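Below is one structure; the comments refer to it alone.
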Amino acid sequence: MIRRIFRGAILKKFLGFPNCLLGVMLLSVLFINSAHSQTVDEIFQNFKTAYEKSENFSANFEETTLFADKKSVARGRFIFGRPNLLRKEYVDRKDVSKVVQLTVLDGEYGWTYTPILNQVNKMKWNNPERRELLPGIGASLEDVQKNYNMALIPDEFANPKGVHQIELQPKLHMVSTNAKESLQIWVKSGEWLPVQFGYKTEFEDGSRQSVIVTLTQIERDKELAPDLFKFVVPEDAEVIDLSEN
């Protein structure tokens with residue numbers, strides 16, 4: 001299911017389709033001769049190095065969630081600044097200028113504001129030095145190789161375009177439930193930044209949930225407003241303080 005979403009989203013929006021079968025064959029030959037020479041460790045290290053060099057990273061996103069037979073799609077934009085600064089906006093499906101939920105990580109606290117409820121949730125950011133693998137994913141960039149088994153997932157459409165899919169399976173010491181979880185990152189050669197990421201969970205009862213986040217209009221190290229990662233509680237908003245829990 002994830003591969004189908006990937007082909008329908010990234011390949012259509014980001015990569016484009018080969019014009020003919022001959023093109024596919026030629027690109028496949030190039031992939032065999034070049035992309036296979038890189039190991040998953042080398043590709044991940046390229047990604048990690050590029051990500052660590054970035055002062056900030058921003059993109060529009062489309063988030064597709066599949067659970068049982070239900071599918072939901074949310075859209076928005078985010079800006080991720082080092083070391084742990086995040087501004088993530090979910091927007092209205094019909095009016096992208098209207099923010100329906102805002103999350104801000106200011107390095108000390110996490111704030112989530114839902115305008116329709118005029119409600120704010122406040123949480124403590126427990127480790128200010130910890131840098132996430134990707135905004136909202138929850139896995140630390142520094143600890144990936146210690147905590148996850150990594151593998152490259154071949155894709156005959158994506159690989160010839162320089163996009164590599166890395167799948168991360170948690171090691172035994174990371175598993176706390178019977179649910180099976182994995183993360184995926186699609187990384188583009190060259191700048192070695194992510195163009196898509198996702199995670200999937202298989203629960204004990206056999207049900208599955210998967211989330212794919214496709215990125216477009218990717219930018220890094222752009223000039224940002226000085227107060228972008230500062231959250232001001234809206235007037236009369238209800239604040240639910242979870243920071244002491």
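Following the order of the structure tokens, chains are lettered A, B, ..., residues in each are numbered from 1, and ligands are numbered from 1.
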
Using only C-alpha atoms, determine which residues lie at most 12 Å from A:Leu172, disregarding the query and same-chain residues fewer than 4 positions distant; provide the list as a CSV table (one decimal) with C-alpha atoms, in the first residue's frame.
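Final file, around_6.csv:
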```
chain,number,residue,atom,x,y,z
A,146,LYS,CA,22.1,2.4,17.4
A,147,ASN,CA,18.4,1.9,17.6
A,148,TYR,CA,17.3,0.7,14.2
A,149,ASN,CA,18.2,-1.8,11.5
A,176,SER,CA,8.0,-2.2,24.1
A,177,THR,CA,4.8,-3.6,22.7
A,178,ASN,CA,3.6,-6.4,20.5
A,180,LYS,CA,5.2,-4.0,14.8
A,181,GLU,CA,6.5,-0.6,13.7
```

Selection near stretch 189-198 of chain A, 9 Å with only C-alpha atoms, sequence-local residues under 5 positions removed, as a PyMOL selection string | chain A and resi 2+6+10+14+43-44+46-51+61+63+134+137+161-165+182-184+210-216+218

What's the 9 Å shell around A:Arg93, counting only C-alpha atoms, without same-chain residues fewer than 4 positions away, as a list in words?
-> Val73, Ala74, Arg75 and Lys98 of chain A

Restrict the selected residues to N, CA and C atoms and save them as a PDB file, in the first residue's frame.
```
ATOM      1  N   VAL A  73      -6.685  12.505   4.283  1.00  0.00           N
ATOM      2  CA  VAL A  73      -5.591  13.288   3.716  1.00  0.00           C
ATOM      3  C   VAL A  73      -5.602  14.678   4.344  1.00  0.00           C
ATOM      4  N   ALA A  74      -4.460  15.092   4.854  1.00  0.00           N
ATOM      5  CA  ALA A  74      -4.310  16.437   5.419  1.00  0.00           C
ATOM      6  C   ALA A  74      -3.145  17.121   4.718  1.00  0.00           C
ATOM      7  N   ARG A  75      -3.224  18.429   4.639  1.00  0.00           N
ATOM      8  CA  ARG A  75      -2.177  19.193   3.957  1.00  0.00           C
ATOM      9  C   ARG A  75      -1.715  20.347   4.829  1.00  0.00           C
ATOM     10  N   LYS A  98      -6.084  29.301   5.496  1.00  0.00           N
ATOM     11  CA  LYS A  98      -6.714  29.140   6.805  1.00  0.00           C
ATOM     12  C   LYS A  98      -6.055  28.003   7.563  1.00  0.00           C
TER      13      LYS A  98
END
```

Determine, counting only C-alpha atoms, which protein, DNA and RNA residues have an atom within 10 Å of an atom of A:Asp92; residues of the same chain fewer than 3 positions away are not included. Present the result as JSON, numbers by chain.
-> {"A": [74, 75, 76, 89, 95, 96, 97, 98, 99, 100, 101]}

Dump of C-alpha atoms for the selected residues, as a PDB file, in the first residue's frame:
```pdb
ATOM      1  CA  ALA A  74      -4.310  16.437   5.419  1.00  0.00           C
ATOM      2  CA  ARG A  75      -2.177  19.193   3.957  1.00  0.00           C
ATOM      3  CA  GLY A  76      -0.001  21.925   5.311  1.00  0.00           C
ATOM      4  CA  GLU A  89       0.608  24.271  10.140  1.00  0.00           C
ATOM      5  CA  ASP A  95      -8.682  27.382   1.794  1.00  0.00           C
ATOM      6  CA  VAL A  96      -4.935  26.886   2.275  1.00  0.00           C
ATOM      7  CA  SER A  97      -4.609  30.335   3.863  1.00  0.00           C
ATOM      8  CA  LYS A  98      -6.714  29.140   6.805  1.00  0.00           C
ATOM      9  CA  VAL A  99      -4.754  27.314   9.518  1.00  0.00           C
ATOM     10  CA  VAL A 100      -6.826  24.644  11.299  1.00  0.00           C
ATOM     11  CA  GLN A 101      -4.070  23.513  13.665  1.00  0.00           C
TER      12      GLN A 101
END
```

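For the choices A:Asp241, A:Pro234, A:Gly206, A:Lys171, the atom-to-atom distance to A:Thr114 is smallest for A:Pro234 when using only C-alpha atoms.
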
Contacts of A:Gln119 within 9 Å, only C-alpha atoms, excl. fewer than 6 positions in-chain, as a ChimeraX atom specification = /A:112-113,234,237-240

What does the file look like for those residues with C-alpha atoms, as a PDB file, in the first residue's frame?
```
ATOM      1  CA  THR A 112      -0.447  22.893  19.811  1.00  0.00           C
ATOM      2  CA  TYR A 113      -3.242  25.353  19.048  1.00  0.00           C
ATOM      3  CA  PRO A 234      -4.154  33.715  21.698  1.00  0.00           C
ATOM      4  CA  ALA A 237      -7.657  30.658  24.667  1.00  0.00           C
ATOM      5  CA  GLU A 238      -7.924  27.744  27.082  1.00  0.00           C
ATOM      6  CA  VAL A 239      -4.466  26.418  27.974  1.00  0.00           C
ATOM      7  CA  ILE A 240      -4.121  22.760  28.967  1.00  0.00           C
TER       8      ILE A 240
END
```
